[in-house]
Amino acid sequence: MTATVDTWDESALVTAAQRGSLDAFNELILHYQTQVYNLAYHIMHDPAAADDATQEAFISAYGALKHFRGGSFRAWLLRIVSNACYDELRRHKRRPKVSWEDFGDMEEEANPHLVDPGARPEESLQQMELRKALERAITKLPEHHRTAIVLVDSLGLSYEEAAEAMGVALGTVKSRLARARGEMQALLQEEQELLPTRYRL
Amino acid sequence: MRQRSPNAVEISAYVDGMLSPRDVAAFESRMAEDAALRQRVDETRQVVAMMRAMPLRETPRNYLITPSMVAETRPSPAPRRAPLFAMRLATSLVALAFVVTSGLTLLQGGMTPQMALAPGGAPQEALVEEFVASTVEVEAEVAALEAPAPAEDALSLKSTEAEATPVAAQGTLTPEEELALAPMPAEGEATGMGGGGEEIVEAPAEPAEESGVGGGPEEEADAAARSAPRTETPETEAPAAPEAEAPAEEVAIAATEIADTEGAMAVAEAEEEVAEEVQPLAAMPPSPDGEINAEEEAPGGVAALDMADDEASARTLETQDAESGEMARESRALSRPTARWAIGLGVATALLAAITLWLSRRRPG
């Protein structure tokens, strides 16, 4: 039977999952799967690979619940998926062979969820242009810089959470994040004509 | 790509509100004076704004887990640290063992065979003394045969008092006793086969001193006999009993002096020379005195004893060489196992360290 939770209580769900409740863990999956998938996507830059990595990450996380000793469950989860993605990249020596532009509009038209239902058409177009430009720039960043800027700026993690998700010191996160932002600024400066008007540098 | 500014971290932290109030005040005061800094801050804020505005990709599906998926759970990522920790621990332990075995190997290699097998040094010292004494006796014989007349006269004068008594005492001693006491080199060599070197050198003098108490007129006769010039040939020395005894006693004293001044010398050359000199002595005509007979026996006895002494010296040297070789072999044998262990542990340490480093670099982030 599915456990219904009126209010979001992460600690209670984690405790229940650690005691063997698969339903409680699925609740946690539904809450964090978007962020986990987006991180996997930015690392792998391949929708299919990101899909596999996300599923594998959740299965591994359920098996490793006994090792979670408190703190940010989101950061713990994101670390599992990032490790899974790096392992997959090294195992298959996969590189971003498929760019978002190859999928382009075709995938977006097929997936209604990629479009904010509440947004106006012009805003949706701007958002799509923005995302394209940003994703193009993100793929050009070094691996660790890319992870840092996605965790903090895109997914909204704090410096401490990002440090936990990346398994590095706080100073390392600050350094990588600063470098990533500087590199992003330079990359976007080169293609600012492709940016929405209000976002041009 | 624009080069990164040295204070990019500070700008990023300021944009994220991560600076302390004091640092914020300082940063803003600098911004007020630096237009370029203000521009860089604006650009950073814009990048952050775009990243935050970028919509997240919706998942293509839900990733809910079923019991069947859980049944095939892969090893969790948490144990990722265990192999690395185990490798680090193993590397540390092997490195420690390597250091210990290396230290043992060095300690064993620094020990000499003498240090390893001579706790009090007594056997070694005894061997050295014996060797020196035997060498001294041989050299004494050589010196007696080759020493010039004036030197011998000087020695004879020097040893008159000491030597007269044994000469006088010979009149009261049996030939065997004379043989034991008077021919100093022979006696010393004979006793040197089994005794201490210092004792051998001193022994000849003792009888002379002891027997020197009782003979007055005889001493004068000896002194007169010895005062006569001598030649260097062995034949002229041998005929007179006192003269035969005197050279022997003089040889003993000379040997003592040589031993004191020169120390241990090569045995082989002395042995050859003594062997050559002993033969002429053995061919000397008999003397009227019984002492000469004893003295005649003495040269032959000297030759025999010399040869025996040579053999003893040779055996002593062989024993020393064997012992040294044995000590060296034992030292090497002692160090081999530990040296091999040290080498093996060193190689193992290097391999474990390389694996540990590789494992640590495999980890992302």
# chains A, B, ... in the order shown; residues from 1 in each chain; ligands from 1
$ closest_atom_pairs --of "chain A" --to "chain B" --cutoff "7 Å" --atoms "only C-alpha atoms" --output "Markdown table"
| residue | atom | partner | partner_atom | distance |
| --- | --- | --- | --- | --- |
| A:Asn26 | CA | B:Leu64 | CA | 5.5 |
| A:Ile29 | CA | B:Leu64 | CA | 6.6 |
| A:Thr34 | CA | B:Thr59 | CA | 5.7 |
| A:Tyr37 | CA | B:Thr59 | CA | 6.4 |
| A:Asn38 | CA | B:Arg57 | CA | 6.1 |
| A:Gln55 | CA | B:Tyr63 | CA | 5.8 |
| A:Ile59 | CA | B:Thr73 | CA | 6.2 |
| A:Ser60 | CA | B:Ser76 | CA | 5.2 |
| A:Ala61 | CA | B:Ser76 | CA | 6.7 |
| A:Gly63 | CA | B:Ser76 | CA | 5.8 |
| A:Ala64 | CA | B:Ser76 | CA | 4.9 |
| A:His67 | CA | B:Ala78 | CA | 6.5 |
| A:Ile80 | CA | B:Pro77 | CA | 6.5 |
| A:Asn83 | CA | B:Pro364 | CA | 6.4 |
| A:Tyr86 | CA | B:Pro364 | CA | 6.7 |
| A:His113 | CA | B:Glu58 | CA | 5.8 |
| A:Leu114 | CA | B:Glu58 | CA | 5.6 |
| A:Gln127 | CA | B:Met54 | CA | 6.8 |
| A:Leu130 | CA | B:Met54 | CA | 6.7 |
| A:Arg131 | CA | B:Met54 | CA | 5.5 |
| A:His144 | CA | B:Gly365 | CA | 6.4 |
| A:Asp153 | CA | B:Arg52 | CA | 5.4 |
| A:Ser154 | CA | B:Arg52 | CA | 5.0 |
| A:Met166 | CA | B:Gly365 | CA | 5.0 |
| A:Gly167 | CA | B:Gly365 | CA | 5.8 |
| A:Val168 | CA | B:Gly365 | CA | 6.1 |
| A:Lys174 | CA | B:Val9 | CA | 6.3 |
| A:Ser175 | CA | B:Val9 | CA | 5.8 |
| A:Ala178 | CA | B:Val9 | CA | 5.1 |
| A:Arg179 | CA | B:Arg4 | CA | 7.0 |
| A:Arg181 | CA | B:Thr44 | CA | 6.5 |
| A:Gly182 | CA | B:Arg4 | CA | 6.4 |
| A:Glu183 | CA | B:Met1 | CA | 6.9 |
| A:Gln185 | CA | B:Val47 | CA | 6.2 |
| A:Ala186 | CA | B:Met1 | CA | 5.3 |
| A:Leu187 | CA | B:Met1 | CA | 6.9 |
| A:Leu201 | CA | B:Glu43 | CA | 6.9 |
$ residues_around --residues "A:His31" --least-positions-apart "5" --cutoff "10 Å" --atoms "only C-alpha atoms" --output "list of chain:residue names"
A:Trp8, A:Glu10, A:Phe25, A:Asn26, A:Val36, A:Arg74
$ atom_distance --atom1 "atom CA of B:Ser92" --atom2 "atom CA of A:Glu164"
27.4 Å
$ closest_residue --among "A:Leu39, A:Ala16, A:Leu30, A:Leu157" --to "A:Ser82" --atoms "only C-alpha atoms"
A:Leu39
